[in-house]
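Chemist: This is run.cif (mmCIF, C-alpha atoms and all ligand atoms).
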data_data
#
loop_
_atom_site.group_PDB
_atom_site.id
_atom_site.type_symbol
_atom_site.label_atom_id
_atom_site.label_comp_id
_atom_site.auth_asym_id
_atom_site.auth_seq_id
_atom_site.Cartn_x
_atom_site.Cartn_y
_atom_site.Cartn_z
ATOM 1 C CA MET F 1 -51.761 -42.018 74.233
ATOM 2 C CA SER F 2 -49.653 -40.511 71.493
ATOM 3 C CA GLN F 3 -47.941 -37.184 72.031
ATOM 4 C CA THR F 4 -48.819 -35.799 68.647
ATOM 5 C CA HIS F 5 -50.971 -33.015 70.093
ATOM 6 C CA THR F 6 -48.299 -31.523 72.336
ATOM 7 C CA PRO F 7 -46.561 -28.637 70.526
ATOM 8 C CA LEU F 8 -43.205 -29.400 68.975
ATOM 9 C CA ARG F 9 -40.252 -28.259 71.066
ATOM 10 C CA ILE F 10 -37.415 -27.255 68.777
ATOM 11 C CA GLY F 11 -34.087 -26.157 70.193
ATOM 12 C CA VAL F 12 -31.855 -23.401 68.842
ATOM 13 C CA LEU F 13 -28.153 -23.693 69.644
ATOM 14 C CA ALA F 14 -27.689 -20.375 71.464
ATOM 15 C CA ILE F 15 -23.921 -20.099 71.862
ATOM 16 C CA GLN F 16 -23.319 -17.264 69.413
ATOM 17 C CA GLY F 17 -24.790 -15.817 66.232
ATOM 18 C CA ASP F 18 -28.365 -15.044 65.248
ATOM 19 C CA TYR F 19 -30.181 -17.636 67.320
ATOM 20 C CA ALA F 20 -32.819 -15.138 68.509
ATOM 21 C CA ALA F 21 -34.049 -14.582 64.926
ATOM 22 C CA HIS F 22 -34.325 -18.363 64.471
ATOM 23 C CA ALA F 23 -36.311 -18.700 67.698
ATOM 24 C CA ALA F 24 -38.738 -16.030 66.469
ATOM 25 C CA ALA F 25 -39.001 -17.732 63.060
ATOM 26 C CA LEU F 26 -39.733 -21.106 64.719
ATOM 27 C CA THR F 27 -42.471 -19.530 66.807
ATOM 28 C CA GLU F 28 -43.996 -18.072 63.633
ATOM 29 C CA ALA F 29 -43.788 -21.518 62.041
ATOM 30 C CA GLY F 30 -45.842 -22.989 64.905
ATOM 31 C CA ALA F 31 -43.217 -24.594 67.165
ATOM 32 C CA THR F 32 -42.038 -23.826 70.697
ATOM 33 C CA ALA F 33 -38.433 -22.567 70.512
ATOM 34 C CA ILE F 34 -35.994 -23.517 73.271
ATOM 35 C CA GLU F 35 -32.526 -21.976 73.611
ATOM 36 C CA VAL F 36 -29.859 -24.647 74.075
ATOM 37 C CA ARG F 37 -26.478 -23.905 75.663
ATOM 38 C CA LYS F 38 -25.596 -27.148 77.449
ATOM 39 C CA PRO F 39 -25.879 -30.880 76.756
ATOM 40 C CA GLU F 40 -28.670 -31.358 79.350
ATOM 41 C CA GLU F 41 -30.815 -28.892 77.428
ATOM 42 C CA LEU F 42 -30.990 -31.284 74.462
ATOM 43 C CA GLU F 43 -33.213 -33.575 76.501
ATOM 44 C CA GLY F 44 -36.828 -33.567 75.418
ATOM 45 C CA ILE F 45 -36.139 -31.452 72.307
ATOM 46 C CA ASP F 46 -37.753 -32.795 69.107
ATOM 47 C CA GLY F 47 -35.225 -31.141 66.763
ATOM 48 C CA LEU F 48 -32.477 -28.536 66.739
ATOM 49 C CA ILE F 49 -31.405 -25.526 64.665
ATOM 50 C CA LEU F 50 -27.707 -24.640 64.444
ATOM 51 C CA PRO F 51 -27.725 -20.936 63.496
ATOM 52 C CA GLY F 52 -25.425 -18.743 61.470
ATOM 53 C CA GLY F 53 -22.620 -16.828 63.107
ATOM 54 C CA GLU F 54 -18.971 -17.821 63.294
ATOM 55 C CA SER F 55 -18.406 -21.562 63.136
ATOM 56 C CA THR F 56 -14.913 -21.381 64.679
ATOM 57 C CA THR F 57 -16.271 -19.520 67.726
ATOM 58 C CA MET F 58 -19.068 -22.066 68.151
ATOM 59 C CA LEU F 59 -16.612 -24.934 67.747
ATOM 60 C CA LYS F 60 -14.270 -23.516 70.414
ATOM 61 C CA PHE F 61 -17.180 -23.141 72.830
ATOM 62 C CA LEU F 62 -18.409 -26.689 72.155
ATOM 63 C CA GLU F 63 -14.972 -28.149 72.793
ATOM 64 C CA LYS F 64 -14.235 -26.022 75.862
ATOM 65 C CA HIS F 65 -17.555 -26.935 77.493
ATOM 66 C CA HIS F 66 -17.419 -30.647 76.620
ATOM 67 C CA PHE F 67 -20.512 -30.249 74.450
ATOM 68 C CA PHE F 68 -19.146 -31.442 71.067
ATOM 69 C CA ASP F 69 -19.682 -35.189 71.589
ATOM 70 C CA ALA F 70 -23.205 -34.861 73.005
ATOM 71 C CA LEU F 71 -24.170 -32.568 70.139
ATOM 72 C CA GLN F 72 -22.730 -34.982 67.586
ATOM 73 C CA ILE F 73 -24.762 -37.868 69.019
ATOM 74 C CA TYR F 74 -27.891 -35.708 69.115
ATOM 75 C CA CYS F 75 -27.433 -34.608 65.476
ATOM 76 C CA ALA F 76 -26.954 -38.188 64.301
ATOM 77 C CA ARG F 77 -30.304 -39.233 65.814
ATOM 78 C CA HIS F 78 -32.671 -36.270 65.508
ATOM 79 C CA PRO F 79 -33.860 -33.771 62.910
ATOM 80 C CA VAL F 80 -31.418 -30.885 62.706
ATOM 81 C CA PHE F 81 -31.183 -27.786 60.534
ATOM 82 C CA GLY F 82 -27.917 -25.890 60.083
ATOM 83 C CA THR F 83 -27.829 -22.439 58.487
ATOM 84 C CA CYS F 84 -24.606 -20.872 57.259
ATOM 85 C CA ALA F 85 -22.118 -21.431 60.135
ATOM 86 C CA GLY F 86 -24.525 -24.157 61.321
ATOM 87 C CA ALA F 87 -24.287 -25.859 57.917
ATOM 88 C CA ILE F 88 -20.484 -25.737 58.233
ATOM 89 C CA LEU F 89 -20.730 -27.462 61.623
ATOM 90 C CA LEU F 90 -22.956 -30.238 60.231
ATOM 91 C CA ALA F 91 -20.795 -31.050 57.174
ATOM 92 C CA ARG F 92 -18.696 -34.156 56.687
ATOM 93 C CA GLU F 93 -15.713 -32.081 55.526
ATOM 94 C CA VAL F 94 -14.826 -28.389 55.916
ATOM 95 C CA ARG F 95 -12.272 -26.525 53.782
ATOM 96 C CA ASN F 96 -10.727 -23.029 53.742
ATOM 97 C CA PRO F 97 -9.345 -23.798 56.235
ATOM 98 C CA THR F 98 -9.947 -27.363 57.310
ATOM 99 C CA GLN F 99 -11.749 -27.544 60.654
ATOM 100 C CA ARG F 100 -13.449 -30.116 62.802
ATOM 101 C CA SER F 101 -17.157 -30.701 62.213
ATOM 102 C CA LEU F 102 -20.020 -32.879 63.419
ATOM 103 C CA GLY F 103 -19.938 -34.874 60.179
ATOM 104 C CA VAL F 104 -23.630 -35.789 59.938
ATOM 105 C CA LEU F 105 -24.346 -34.122 56.560
ATOM 106 C CA ASP F 106 -22.731 -35.867 53.602
ATOM 107 C CA ALA F 107 -21.288 -32.685 52.092
ATOM 108 C CA ILE F 108 -18.004 -30.879 51.567
ATOM 109 C CA VAL F 109 -18.283 -27.211 52.516
ATOM 110 C CA GLU F 110 -15.888 -24.364 51.763
ATOM 111 C CA ARG F 111 -16.019 -21.448 54.203
ATOM 112 C CA ASN F 112 -16.211 -17.785 53.126
ATOM 113 C CA ALA F 113 -16.419 -18.932 49.532
ATOM 114 C CA TYR F 114 -17.773 -15.812 47.870
ATOM 115 C CA GLY F 115 -14.784 -13.571 48.538
ATOM 116 C CA ARG F 116 -14.743 -10.148 50.127
ATOM 117 C CA GLN F 117 -16.405 -8.147 47.360
ATOM 118 C CA ILE F 118 -19.652 -10.106 47.246
ATOM 119 C CA ASP F 119 -19.533 -11.544 50.726
ATOM 120 C CA SER F 120 -23.103 -10.461 51.459
ATOM 121 C CA SER F 121 -25.933 -10.516 48.934
ATOM 122 C CA ILE F 122 -29.602 -11.281 48.464
ATOM 123 C CA LEU F 123 -30.770 -13.680 45.789
ATOM 124 C CA VAL F 124 -34.367 -14.375 44.801
ATOM 125 C CA ALA F 125 -34.619 -17.714 43.023
ATOM 126 C CA GLU F 126 -36.784 -20.749 42.514
ATOM 127 C CA SER F 127 -36.465 -23.635 44.937
ATOM 128 C CA SER F 128 -38.305 -26.905 45.210
ATOM 129 C CA LEU F 129 -40.446 -25.473 48.023
ATOM 130 C CA PRO F 130 -43.878 -24.689 46.603
ATOM 131 C CA GLY F 131 -45.021 -21.061 46.572
ATOM 132 C CA GLY F 132 -42.774 -19.317 44.055
ATOM 133 C CA PRO F 133 -39.323 -17.713 44.247
ATOM 134 C CA LEU F 134 -37.530 -17.700 47.585
ATOM 135 C CA GLU F 135 -35.487 -14.810 49.017
ATOM 136 C CA MET F 136 -32.061 -15.955 50.200
ATOM 137 C CA VAL F 137 -29.830 -13.695 52.306
ATOM 138 C CA PHE F 138 -26.133 -14.641 52.100
ATOM 139 C CA ILE F 139 -23.653 -13.285 54.688
ATOM 140 C CA ARG F 140 -20.011 -14.384 54.395
ATOM 141 C CA ALA F 141 -21.528 -17.589 53.144
ATOM 142 C CA PRO F 142 -19.947 -20.966 52.678
ATOM 143 C CA ARG F 143 -20.317 -22.948 49.461
ATOM 144 C CA ILE F 144 -21.430 -26.559 49.342
ATOM 145 C CA LEU F 145 -18.872 -28.007 46.926
ATOM 146 C CA GLU F 146 -20.090 -31.589 46.861
ATOM 147 C CA VAL F 147 -22.949 -33.654 48.257
ATOM 148 C CA GLY F 148 -23.366 -37.406 48.605
ATOM 149 C CA PRO F 149 -26.091 -39.469 46.888
ATOM 150 C CA SER F 150 -28.483 -39.333 49.854
ATOM 151 C CA VAL F 151 -28.645 -35.524 49.775
ATOM 152 C CA ASP F 152 -31.509 -33.770 47.929
ATOM 153 C CA VAL F 153 -30.754 -30.319 46.569
ATOM 154 C CA LEU F 154 -33.749 -28.000 47.151
ATOM 155 C CA ALA F 155 -32.182 -24.784 45.798
ATOM 156 C CA SER F 156 -28.942 -23.761 44.077
ATOM 157 C CA ARG F 157 -26.903 -20.690 43.252
ATOM 158 C CA ASP F 158 -24.520 -20.686 40.280
ATOM 159 C CA GLY F 159 -24.763 -24.464 40.107
ATOM 160 C CA TYR F 160 -23.893 -25.053 43.786
ATOM 161 C CA PRO F 161 -26.467 -26.280 46.327
ATOM 162 C CA VAL F 162 -27.627 -23.652 48.829
ATOM 163 C CA LEU F 163 -30.513 -25.550 50.466
ATOM 164 C CA VAL F 164 -30.268 -29.314 50.971
ATOM 165 C CA LYS F 165 -32.040 -32.133 52.788
ATOM 166 C CA GLN F 166 -30.659 -35.522 53.755
ATOM 167 C CA GLY F 167 -33.381 -37.472 55.541
ATOM 168 C CA ASN F 168 -34.183 -35.378 58.622
ATOM 169 C CA ILE F 169 -31.152 -33.153 58.259
ATOM 170 C CA MET F 170 -31.494 -29.797 56.495
ATOM 171 C CA ALA F 171 -28.817 -27.236 55.702
ATOM 172 C CA ALA F 172 -28.828 -23.799 54.081
ATOM 173 C CA THR F 173 -25.836 -21.635 53.215
ATOM 174 C CA PHE F 174 -28.100 -18.556 53.516
ATOM 175 C CA HIS F 175 -30.132 -17.086 56.403
ATOM 176 C CA PRO F 176 -33.856 -17.931 56.064
ATOM 177 C CA GLU F 177 -34.507 -16.433 59.522
ATOM 178 C CA LEU F 178 -33.653 -12.969 58.123
ATOM 179 C CA SER F 179 -36.422 -13.061 55.492
ATOM 180 C CA THR F 180 -40.112 -12.743 56.303
ATOM 181 C CA ASP F 181 -41.027 -15.831 54.251
ATOM 182 C CA ARG F 182 -41.377 -18.768 56.673
ATOM 183 C CA ARG F 183 -41.458 -21.617 54.115
ATOM 184 C CA VAL F 184 -37.985 -22.888 55.004
ATOM 185 C CA HIS F 185 -38.689 -23.015 58.752
ATOM 186 C CA ARG F 186 -42.070 -24.606 58.059
ATOM 187 C CA ALA F 187 -40.322 -27.291 55.966
ATOM 188 C CA PHE F 188 -38.068 -28.052 58.939
ATOM 189 C CA VAL F 189 -41.020 -28.073 61.357
ATOM 190 C CA GLN F 190 -42.674 -30.603 58.997
ATOM 191 C CA ALA F 191 -39.542 -32.776 59.037
ATOM 192 C CA VAL F 192 -39.534 -32.662 62.845
ATOM 193 C CA THR F 193 -43.244 -33.528 62.943
ATOM 194 C CA ALA F 194 -42.702 -36.481 60.605
ATOM 195 C CA ALA F 195 -39.784 -37.749 62.698
ATOM 196 C CA ARG F 196 -41.786 -37.607 65.932
ATOM 197 C CA ARG F 197 -44.554 -39.845 64.564
HETATM 198 N N1 LIG L 201 -18.228 -17.084 57.699
HETATM 199 C C1 LIG L 201 -18.861 -17.802 58.777
HETATM 200 C C2 LIG L 201 -18.087 -19.080 59.120
HETATM 201 O O1 LIG L 201 -17.209 -19.447 58.414
HETATM 202 C C3 LIG L 201 -20.289 -18.144 58.445
HETATM 203 C C4 LIG L 201 -21.079 -16.883 58.199
HETATM 204 C C5 LIG L 201 -22.490 -16.919 58.666
HETATM 205 O O2 LIG L 201 -22.918 -17.826 59.417
HETATM 206 N N2 LIG L 201 -23.241 -15.932 58.259
HETATM 207 O O3 LIG L 201 -18.349 -19.695 60.101
#
Could you render the structure as structure tokens?
Modeler:
Amino acid sequence: MSQTHTPLRIGVLAIQGDYAAHAAALTEAGATAIEVRKPEELEGIDGLILPGGESTTMLKFLEKHHFFDALQIYCARHPVFGTCAGAILLAREVRNPTQRSLGVLDAIVERNAYGRQIDSSILVAESSLPGGPLEMVFIRAPRILEVGPSVDVLASRDGYPVLVKQGNIMAATFHPELSTDRRVHRAFVQAVTAARR
């Protein structure tokens, strides 16, 4: 028998940052959210969200607890969604300053790219998700400077991608979990559903 009727189990990397808001958003989008803090907890998870927060802090934790390699393998084989610091972790290359990353998203990302004055802002703009303009909350956001040919840009700000999809990998430089609109989480839940079939 197929497993398509069991609810999707989607993990949220719960080391630091706003993972609780992502878990709530996933629940609203119809999935079962599972907090992940160790490699063993990736087992049986259909997809994973890497939340916003501080990418350097998450990176230090991953290295200290021997979790980096397992996470990298997981992200190369399953649907994953990185928001803000999570998008930085997924990128192929990180600048300002250079730091290690999981390298599964074909993108170059610059940290803290909007400067101190406008480091947090809300933008309402069109995206390729149906349903009209999307609210995007930016907090000390990175900028996606470049993407490879296999990356689709779903929304942009000032000509730079802010929401992208590369196969089953999604990344946003903003915080969709902080808005009430659940279209972005539903799009990820759909990607996870499609990958499980
Ligand atoms: N500035 C953070 C970093 O570089 C990201 C900010 C966020 O996730 N809201 O990791």
Chemist: Using only C-alpha atoms and all ligand atoms, find each residue of chain F with at least one atom at most 8 Å away from an atom of ligand LIG 201 (chain L); report its shortest atom-to-atom pair and that distance in Å (one decimal), sort the rows by chain and rising residue number, and return the result as a tab-separated table.
Modeler:
residue	atom	partner	partner_atom	distance
F:Gly17	CA	L:LIG201	O2	7.3
F:Pro51	CA	L:LIG201	O2	7.0
F:Gly52	CA	L:LIG201	O2	3.4
F:Gly53	CA	L:LIG201	O2	3.8
F:Glu54	CA	L:LIG201	O3	3.8
F:Ser55	CA	L:LIG201	O3	3.6
F:Thr56	CA	L:LIG201	O3	6.0
F:Thr57	CA	L:LIG201	O3	7.9
F:Thr83	CA	L:LIG201	O2	6.8
F:Cys84	CA	L:LIG201	O2	4.1
F:Ala85	CA	L:LIG201	O2	3.8
F:Gly86	CA	L:LIG201	O2	6.8
F:Ile88	CA	L:LIG201	O3	6.7
F:Arg111	CA	L:LIG201	O1	4.8
F:Asn112	CA	L:LIG201	N1	5.0
F:Phe138	CA	L:LIG201	N2	6.9
F:Ile139	CA	L:LIG201	N2	4.5
F:Arg140	CA	L:LIG201	N1	4.6
F:Ala141	CA	L:LIG201	C4	5.1
F:Pro142	CA	L:LIG201	C3	6.4
F:Thr173	CA	L:LIG201	O2	7.8
F:Phe174	CA	L:LIG201	N2	7.3
F:His175	CA	L:LIG201	N2	7.2
Chemist: Excluding Ile34 (chain F) and its own-chain neighbours fewer than 6 positions away, which residues fall within 12 Å of it when counting all atoms listed in the file? Please give them as a PDB file with C-alpha atoms, in the coordinates of the input.
Modeler:
ATOM      1  CA  LEU F   8     -43.205 -29.400  68.975  1.00  0.00           C
ATOM      2  CA  ARG F   9     -40.252 -28.259  71.066  1.00  0.00           C
ATOM      3  CA  ILE F  10     -37.415 -27.255  68.777  1.00  0.00           C
ATOM      4  CA  GLY F  11     -34.087 -26.157  70.193  1.00  0.00           C
ATOM      5  CA  VAL F  12     -31.855 -23.401  68.842  1.00  0.00           C
ATOM      6  CA  LEU F  13     -28.153 -23.693  69.644  1.00  0.00           C
ATOM      7  CA  ALA F  14     -27.689 -20.375  71.464  1.00  0.00           C
ATOM      8  CA  TYR F  19     -30.181 -17.636  67.320  1.00  0.00           C
ATOM      9  CA  ALA F  20     -32.819 -15.138  68.509  1.00  0.00           C
ATOM     10  CA  HIS F  22     -34.325 -18.363  64.471  1.00  0.00           C
ATOM     11  CA  ALA F  23     -36.311 -18.700  67.698  1.00  0.00           C
ATOM     12  CA  ALA F  24     -38.738 -16.030  66.469  1.00  0.00           C
ATOM     13  CA  LEU F  26     -39.733 -21.106  64.719  1.00  0.00           C
ATOM     14  CA  THR F  27     -42.471 -19.530  66.807  1.00  0.00           C
ATOM     15  CA  GLU F  41     -30.815 -28.892  77.428  1.00  0.00           C
ATOM     16  CA  LEU F  42     -30.990 -31.284  74.462  1.00  0.00           C
ATOM     17  CA  GLU F  43     -33.213 -33.575  76.501  1.00  0.00           C
ATOM     18  CA  GLY F  44     -36.828 -33.567  75.418  1.00  0.00           C
ATOM     19  CA  ILE F  45     -36.139 -31.452  72.307  1.00  0.00           C
ATOM     20  CA  ASP F  46     -37.753 -32.795  69.107  1.00  0.00           C
ATOM     21  CA  GLY F  47     -35.225 -31.141  66.763  1.00  0.00           C
ATOM     22  CA  LEU F  48     -32.477 -28.536  66.739  1.00  0.00           C
ATOM     23  CA  ILE F  49     -31.405 -25.526  64.665  1.00  0.00           C
TER      24      ILE F  49
END
Chemist: So the first atom is CA of Ala21 (chain F) and the second is CA of Glu177 (chain F); what is the distance between them in Å, to one decimal place?
Modeler: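 So the answer is 5.7 Å.
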Chemist: Env of Phe188 (chain F): 9 Å cut, atoms = only C-alpha atoms, seq-sep filter 6 positions within chain, self excluded. Answer as a ChimeraX atom specification.
Modeler: /F:47,79-81,168-170
Chemist: Pick out the residues sitting within 10 Å of Ser128 (chain F), and hand them over as an NGL selection string; count all atoms listed in the file, and ignore anything fewer than 3 positions along from it in its own chain.
Modeler: :F and (131-134 or 153-156 or 163)
Chemist: Compare F:Ala194, F:Asp119, F:Met58, F:Met136 by their minimum atom-to-atom distance to Arg182 (chain F), counting all atoms listed in the file, and give me the closest one.
Modeler: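 Of F:Ala194, F:Asp119, F:Met58, F:Met136, the one nearest Arg182 (chain F), counting all atoms listed in the file, is F:Met136.
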Chemist: Could you check which of F:Ile108, F:Arg196, F:Ser127, F:Ala172 is closest to Ile144 (chain F), using all atoms listed in the file?
Modeler: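 Of all the options, F:Ile108 lies closest to Ile144 (chain F).
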Chemist: Would you compute the distance between CA of Gly115 (chain F) and CA of Val94 (chain F)? Give it in Å to one decimal.
Modeler: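 So the answer is 16.6 Å.
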Chemist: When you draw a straight line from CA of Asn96 (chain F) to CA of Glu146 (chain F), how long is it in Å?
Modeler: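 Atom-to-atom, CA of Asn96 (chain F) to CA of Glu146 (chain F), that is 14.4 Å.
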